[in-house]
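Below is one structure, written out as structure tokens; comments come after it.
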Protein chains: 2
Amino acid sequence: MSVDMELTPKRKRAAGERCCQPVVYPDVQPAEAVRMASVAKALGDPIRLQLVDVLRRHAGEVCVCELVPLFDISQPTLSHHLSKLRAAGIVDSQRRGLWAYYYVRPEALEELSAWLS
Amino acid sequence: MSVDMELTPKRKRAAGERCCQPVVYPDVQPAEAVRMASVAKALGDPIRLQLVDVLRRHAGEVCVCELVPLFDISQPTLSHHLSKLRAAGIVDSQRRGLWAYYYVRPEALEELSAWLS
DNA sequence: GCTATCGATTGACATTCGTCAGTTCAATCG
DNA sequence: CGATTGAACTGACGAATGTCAATCGATAGC
């Protein structure tokens with residue numbers, strides 16, 4: 001995952017022939033690209049995308065025990081997906097007693113959403 | 001990547017105690033989730049995200065030979081990334097003579113973009 | 001024909017991913 | 001205390017990913 005966008009000036013064409021108009025350099029900076037790609041990567045699994053959908057449309061916070069029966073995966077696997085979403089900053093959690101409550105951090109999606117539209 | 005959103009009715013809590021409010025079932029259908037996740041997954045690499053950014057902000061089409069020097073990766077690796085973007089439907093290409101021109105298919109990003117915002 | 005060039009393909013490699021069974025940790029309730 | 005429960009962690013597995021060197025196919029120009 002080496003993103004070395006040093007933007008070395010591209011070499012000129014050999015002859016005077018141009019294959020296409022000069023390319024426009026990317027507007028997203030490397031650091032932005034890494035951030036947005038990590039968010040997109042976290043959303044790049046159908047289960048995680050639906051998890052975010054459930055959590056986002058839910059007004060408050062959702063306990064893990066309510067999420068497990070929604071998906072046809074084991075509880076450790078769901079926990080693994082949640083921890084990936086948390087690592088990407090998309091969700092966060094809070095423990096109260098025995099239960100863990102997850103909620104979406106909407107600002108984590110803003111950058112990618114803005115870039116996409 | 002098994003998405004078996006049959007939405008089996010979740011088992012009731014044992015006692016009368018609720019750990020949280022009843023969960024809202026996901027609004028995105030499994031097929032939508034798979035489509036959007038595959039687009040997000042394709043964007044889940046910084047180089048591919050920047051590739052899309054370059055192609056998208058470019059008015060017309062861009063030849064591969066202009067893309068290679070922008071990134072610190074080999075030509076086969078770039079070709080591999082482009083084919084992944086094409087497999088996800090995000091870009092398409094057209095050969096003219098020796099050169100291959102890539103361009104973004106904006107409608108491919110619409111569903112994910114709409115869901116995100 | 002021969003040669004050069006653009007871009008895709010192949011094969012290989014280390015890394016990461018998604019998944020589960022099993023276990024552990026933490027908190028609650030008898 | 002001990003038993004139970006919710007949720008995270010561990011280890012393992014096959015599958016997929018990102019990368020490159022090497023090669024191949026097709027086209028253009030000589």
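The chains in the structure tokens are called A, B, ... from first to last as shown; in each chain the residues are counted from 1, and the ligands are counted from 1 in the order shown.
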Review point. Do you know which residues are at most 7 Å from His81 (chain A) counting only C-alpha atoms (C1' of nucleotides), after dropping those on the same chain fewer than 4 positions away, and could you put them as a PyMOL selection string?
Key: chain A and resi 48+77+85
Check your understanding: Can you tell me, as a ChimeraX atom specification, what residues are no more than 12 Å from region 13-24 of chain D when counting only C-alpha atoms (C1' of nucleotides), ignoring any on the same chain fewer than 4 positions away?
Key -> /A:1-3 /B:1,41-42,44-48,72-81,84 /C:7-21
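CA of Gly97 (chain A) is found 21.4 Å from C1' of DT23 (chain C).
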Practice item. Taking the DSSP assignment computed from this structure's backbone, write out as JSON, numbers by chain all residues of region 51-101 of chain A that belong to helix (DSSP H, G or I). Key: {"A": [51, 52, 53, 54, 55, 56, 57, 64, 65, 66, 67, 68, 69, 70, 75, 76, 77, 78, 79, 80, 81, 82, 83, 84, 85, 86, 87]}
Those residues with N, CA and C atoms, as a PDB file, in the first residue's frame please?
```
ATOM      1  N   LEU A  51     -23.971  -3.224   8.763  1.00  0.00           N
ATOM      2  CA  LEU A  51     -23.832  -2.853  10.170  1.00  0.00           C
ATOM      3  C   LEU A  51     -23.889  -1.350  10.327  1.00  0.00           C
ATOM      4  N   VAL A  52     -23.138  -0.657   9.488  1.00  0.00           N
ATOM      5  CA  VAL A  52     -23.160   0.808   9.559  1.00  0.00           C
ATOM      6  C   VAL A  52     -24.555   1.317   9.259  1.00  0.00           C
ATOM      7  N   ASP A  53     -25.216   0.680   8.314  1.00  0.00           N
ATOM      8  CA  ASP A  53     -26.569   1.117   7.973  1.00  0.00           C
ATOM      9  C   ASP A  53     -27.505   0.971   9.163  1.00  0.00           C
ATOM     10  N   VAL A  54     -27.441  -0.169   9.829  1.00  0.00           N
ATOM     11  CA  VAL A  54     -28.298  -0.382  10.998  1.00  0.00           C
ATOM     12  C   VAL A  54     -27.981   0.632  12.085  1.00  0.00           C
ATOM     13  N   LEU A  55     -26.696   0.787  12.368  1.00  0.00           N
ATOM     14  CA  LEU A  55     -26.322   1.687  13.466  1.00  0.00           C
ATOM     15  C   LEU A  55     -26.686   3.123  13.137  1.00  0.00           C
ATOM     16  N   ARG A  56     -26.561   3.470  11.858  1.00  0.00           N
ATOM     17  CA  ARG A  56     -26.766   4.860  11.487  1.00  0.00           C
ATOM     18  C   ARG A  56     -28.224   5.243  11.517  1.00  0.00           C
ATOM     19  N   ARG A  57     -29.070   4.306  11.079  1.00  0.00           N
ATOM     20  CA  ARG A  57     -30.483   4.660  11.046  1.00  0.00           C
ATOM     21  C   ARG A  57     -31.116   4.507  12.411  1.00  0.00           C
ATOM     22  N   VAL A  64     -24.593  -5.001  21.123  1.00  0.00           N
ATOM     23  CA  VAL A  64     -24.113  -6.052  20.241  1.00  0.00           C
ATOM     24  C   VAL A  64     -25.075  -7.231  20.207  1.00  0.00           C
ATOM     25  N   CYS A  65     -25.687  -7.510  21.352  1.00  0.00           N
ATOM     26  CA  CYS A  65     -26.549  -8.684  21.413  1.00  0.00           C
ATOM     27  C   CYS A  65     -27.748  -8.553  20.478  1.00  0.00           C
ATOM     28  N   GLU A  66     -28.075  -7.308  20.088  1.00  0.00           N
ATOM     29  CA  GLU A  66     -29.166  -7.104  19.133  1.00  0.00           C
ATOM     30  C   GLU A  66     -28.666  -7.253  17.698  1.00  0.00           C
ATOM     31  N   LEU A  67     -27.378  -7.122  17.509  1.00  0.00           N
ATOM     32  CA  LEU A  67     -26.835  -7.177  16.156  1.00  0.00           C
ATOM     33  C   LEU A  67     -26.563  -8.601  15.705  1.00  0.00           C
ATOM     34  N   VAL A  68     -26.144  -9.436  16.639  1.00  0.00           N
ATOM     35  CA  VAL A  68     -25.733 -10.785  16.264  1.00  0.00           C
ATOM     36  C   VAL A  68     -26.818 -11.528  15.490  1.00  0.00           C
ATOM     37  N   PRO A  69     -28.069 -11.537  15.967  1.00  0.00           N
ATOM     38  CA  PRO A  69     -29.054 -12.357  15.237  1.00  0.00           C
ATOM     39  C   PRO A  69     -29.427 -11.798  13.876  1.00  0.00           C
ATOM     40  N   LEU A  70     -29.001 -10.594  13.561  1.00  0.00           N
ATOM     41  CA  LEU A  70     -29.345 -10.021  12.259  1.00  0.00           C
ATOM     42  C   LEU A  70     -28.521 -10.635  11.133  1.00  0.00           C
ATOM     43  N   GLN A  75     -20.715 -14.840  16.586  1.00  0.00           N
ATOM     44  CA  GLN A  75     -20.502 -13.639  17.405  1.00  0.00           C
ATOM     45  C   GLN A  75     -19.058 -13.163  17.339  1.00  0.00           C
ATOM     46  N   PRO A  76     -18.053 -14.025  17.396  1.00  0.00           N
ATOM     47  CA  PRO A  76     -16.686 -13.507  17.261  1.00  0.00           C
ATOM     48  C   PRO A  76     -16.445 -12.818  15.924  1.00  0.00           C
ATOM     49  N   THR A  77     -17.032 -13.336  14.872  1.00  0.00           N
ATOM     50  CA  THR A  77     -16.848 -12.694  13.571  1.00  0.00           C
ATOM     51  C   THR A  77     -17.493 -11.313  13.549  1.00  0.00           C
ATOM     52  N   LEU A  78     -18.677 -11.217  14.135  1.00  0.00           N
ATOM     53  CA  LEU A  78     -19.304  -9.898  14.206  1.00  0.00           C
ATOM     54  C   LEU A  78     -18.456  -8.944  15.027  1.00  0.00           C
ATOM     55  N   SER A  79     -17.927  -9.445  16.112  1.00  0.00           N
ATOM     56  CA  SER A  79     -17.071  -8.602  16.948  1.00  0.00           C
ATOM     57  C   SER A  79     -15.847  -8.139  16.166  1.00  0.00           C
ATOM     58  N   HIS A  80     -15.334  -9.037  15.359  1.00  0.00           N
ATOM     59  CA  HIS A  80     -14.186  -8.683  14.520  1.00  0.00           C
ATOM     60  C   HIS A  80     -14.550  -7.571  13.534  1.00  0.00           C
ATOM     61  N   HIS A  81     -15.714  -7.680  12.912  1.00  0.00           N
ATOM     62  CA  HIS A  81     -16.134  -6.639  11.969  1.00  0.00           C
ATOM     63  C   HIS A  81     -16.325  -5.305  12.695  1.00  0.00           C
ATOM     64  N   LEU A  82     -16.913  -5.374  13.868  1.00  0.00           N
ATOM     65  CA  LEU A  82     -17.107  -4.130  14.615  1.00  0.00           C
ATOM     66  C   LEU A  82     -15.769  -3.498  14.977  1.00  0.00           C
ATOM     67  N   SER A  83     -14.799  -4.327  15.310  1.00  0.00           N
ATOM     68  CA  SER A  83     -13.523  -3.730  15.690  1.00  0.00           C
ATOM     69  C   SER A  83     -12.826  -3.134  14.474  1.00  0.00           C
ATOM     70  N   LYS A  84     -13.098  -3.691  13.296  1.00  0.00           N
ATOM     71  CA  LYS A  84     -12.541  -3.074  12.081  1.00  0.00           C
ATOM     72  C   LYS A  84     -13.188  -1.726  11.820  1.00  0.00           C
ATOM     73  N   LEU A  85     -14.487  -1.666  11.999  1.00  0.00           N
ATOM     74  CA  LEU A  85     -15.158  -0.389  11.817  1.00  0.00           C
ATOM     75  C   LEU A  85     -14.669   0.626  12.843  1.00  0.00           C
ATOM     76  N   ARG A  86     -14.405   0.154  14.036  1.00  0.00           N
ATOM     77  CA  ARG A  86     -13.912   1.076  15.062  1.00  0.00           C
ATOM     78  C   ARG A  86     -12.493   1.527  14.739  1.00  0.00           C
ATOM     79  N   ALA A  87     -11.685   0.604  14.221  1.00  0.00           N
ATOM     80  CA  ALA A  87     -10.313   0.987  13.853  1.00  0.00           C
ATOM     81  C   ALA A  87     -10.318   2.043  12.758  1.00  0.00           C
TER      82      ALA A  87
END
```
Counting only C-alpha atoms (C1' of nucleotides), a student should be able to say which residues of chain D come within 10 Å of chain A; what is the right answer, written as a short mmCIF file (atom, residue, chain, number, x, y, z; two decimals) with N, CA and C atoms (P, O5', C5', C4', C3', O3' and C1' of nucleotides), in the first residue's frame?
```
data_model
loop_
_atom_site.label_atom_id
_atom_site.label_comp_id
_atom_site.auth_asym_id
_atom_site.auth_seq_id
_atom_site.Cartn_x
_atom_site.Cartn_y
_atom_site.Cartn_z
P DT D 5 -26.91 -18.24 31.35
"O5'" DT D 5 -26.55 -16.82 30.72
"C5'" DT D 5 -26.88 -15.62 31.44
"C4'" DT D 5 -26.01 -14.48 30.95
"C3'" DT D 5 -25.80 -14.47 29.44
"O3'" DT D 5 -26.24 -13.24 28.92
"C1'" DT D 5 -23.76 -14.13 30.60
P DG D 6 -26.38 -13.04 27.29
"O5'" DG D 6 -25.33 -11.88 27.01
"C5'" DG D 6 -25.45 -10.66 27.73
"C4'" DG D 6 -24.27 -9.77 27.42
"C3'" DG D 6 -23.98 -9.61 25.93
"O3'" DG D 6 -23.65 -8.25 25.68
"C1'" DG D 6 -22.09 -10.57 27.02
P DA D 7 -23.46 -7.77 24.18
"O5'" DA D 7 -21.90 -7.93 23.96
"C5'" DA D 7 -21.03 -7.13 24.77
"C4'" DA D 7 -19.60 -7.57 24.57
"C3'" DA D 7 -19.11 -7.58 23.13
"O3'" DA D 7 -18.03 -6.67 23.02
"C1'" DA D 7 -18.40 -9.51 24.30
P DA D 8 -17.27 -6.39 21.66
"O5'" DA D 8 -15.79 -6.89 21.98
"C5'" DA D 8 -15.15 -6.41 23.16
"C4'" DA D 8 -13.94 -7.27 23.46
"C3'" DA D 8 -12.93 -7.34 22.31
"O3'" DA D 8 -11.63 -7.08 22.80
"C1'" DA D 8 -13.53 -9.53 23.00
P DC D 9 -10.40 -6.90 21.82
"O5'" DC D 9 -9.62 -8.28 21.98
"C5'" DC D 9 -9.33 -8.75 23.29
"C4'" DC D 9 -8.83 -10.19 23.22
"C3'" DC D 9 -7.77 -10.45 22.14
"O3'" DC D 9 -6.60 -10.96 22.77
"C1'" DC D 9 -9.46 -12.11 22.10
P DG D 18 -5.73 -4.67 -3.31
"O5'" DG D 18 -4.15 -4.64 -3.27
"C5'" DG D 18 -3.50 -4.32 -2.06
"C4'" DG D 18 -2.00 -4.29 -2.27
"C3'" DG D 18 -1.55 -3.51 -3.50
"O3'" DG D 18 -0.41 -2.74 -3.17
"C1'" DG D 18 -0.79 -5.75 -3.64
P DT D 19 0.23 -1.73 -4.23
"O5'" DT D 19 1.44 -2.55 -4.84
"C5'" DT D 19 2.54 -2.89 -4.00
"C4'" DT D 19 3.41 -3.93 -4.63
"C3'" DT D 19 3.84 -3.64 -6.07
"O3'" DT D 19 5.00 -2.82 -6.07
"C1'" DT D 19 3.42 -5.98 -5.66
#
```
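Atom to atom, CA of Phe71 (chain A) and CA of Arg105 (chain A) stand 21.9 Å apart.
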**Study point:** Gln50 (chain A) surroundings by only C-alpha atoms (C1' of nucleotides), 9 Å radius, close-in-sequence under 6 positions cut, as a list in words
**Key:** Leu43 of chain A; Pro26, Asp27, Val28, Gln29, Pro30 and Ala33 of chain B
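As for CA of Val39 (chain B) and CA of Ala88 (chain B), they are spaced 5.8 Å apart.
Omitting DT4 (chain D) and its sequence neighbours fewer than 2 positions away, and counting only C-alpha atoms (C1' of nucleotides), the residues within 10 Å are DT28, DC29 and DG30 of chain C; DG2 of chain D.
Residue nearest chain C within the list B:Tyr101, B:Glu110, B:Ala37, B:Glu32: B:Tyr101 [criterion: smallest interatomic distance, only C-alpha atoms (C1' of nucleotides)].
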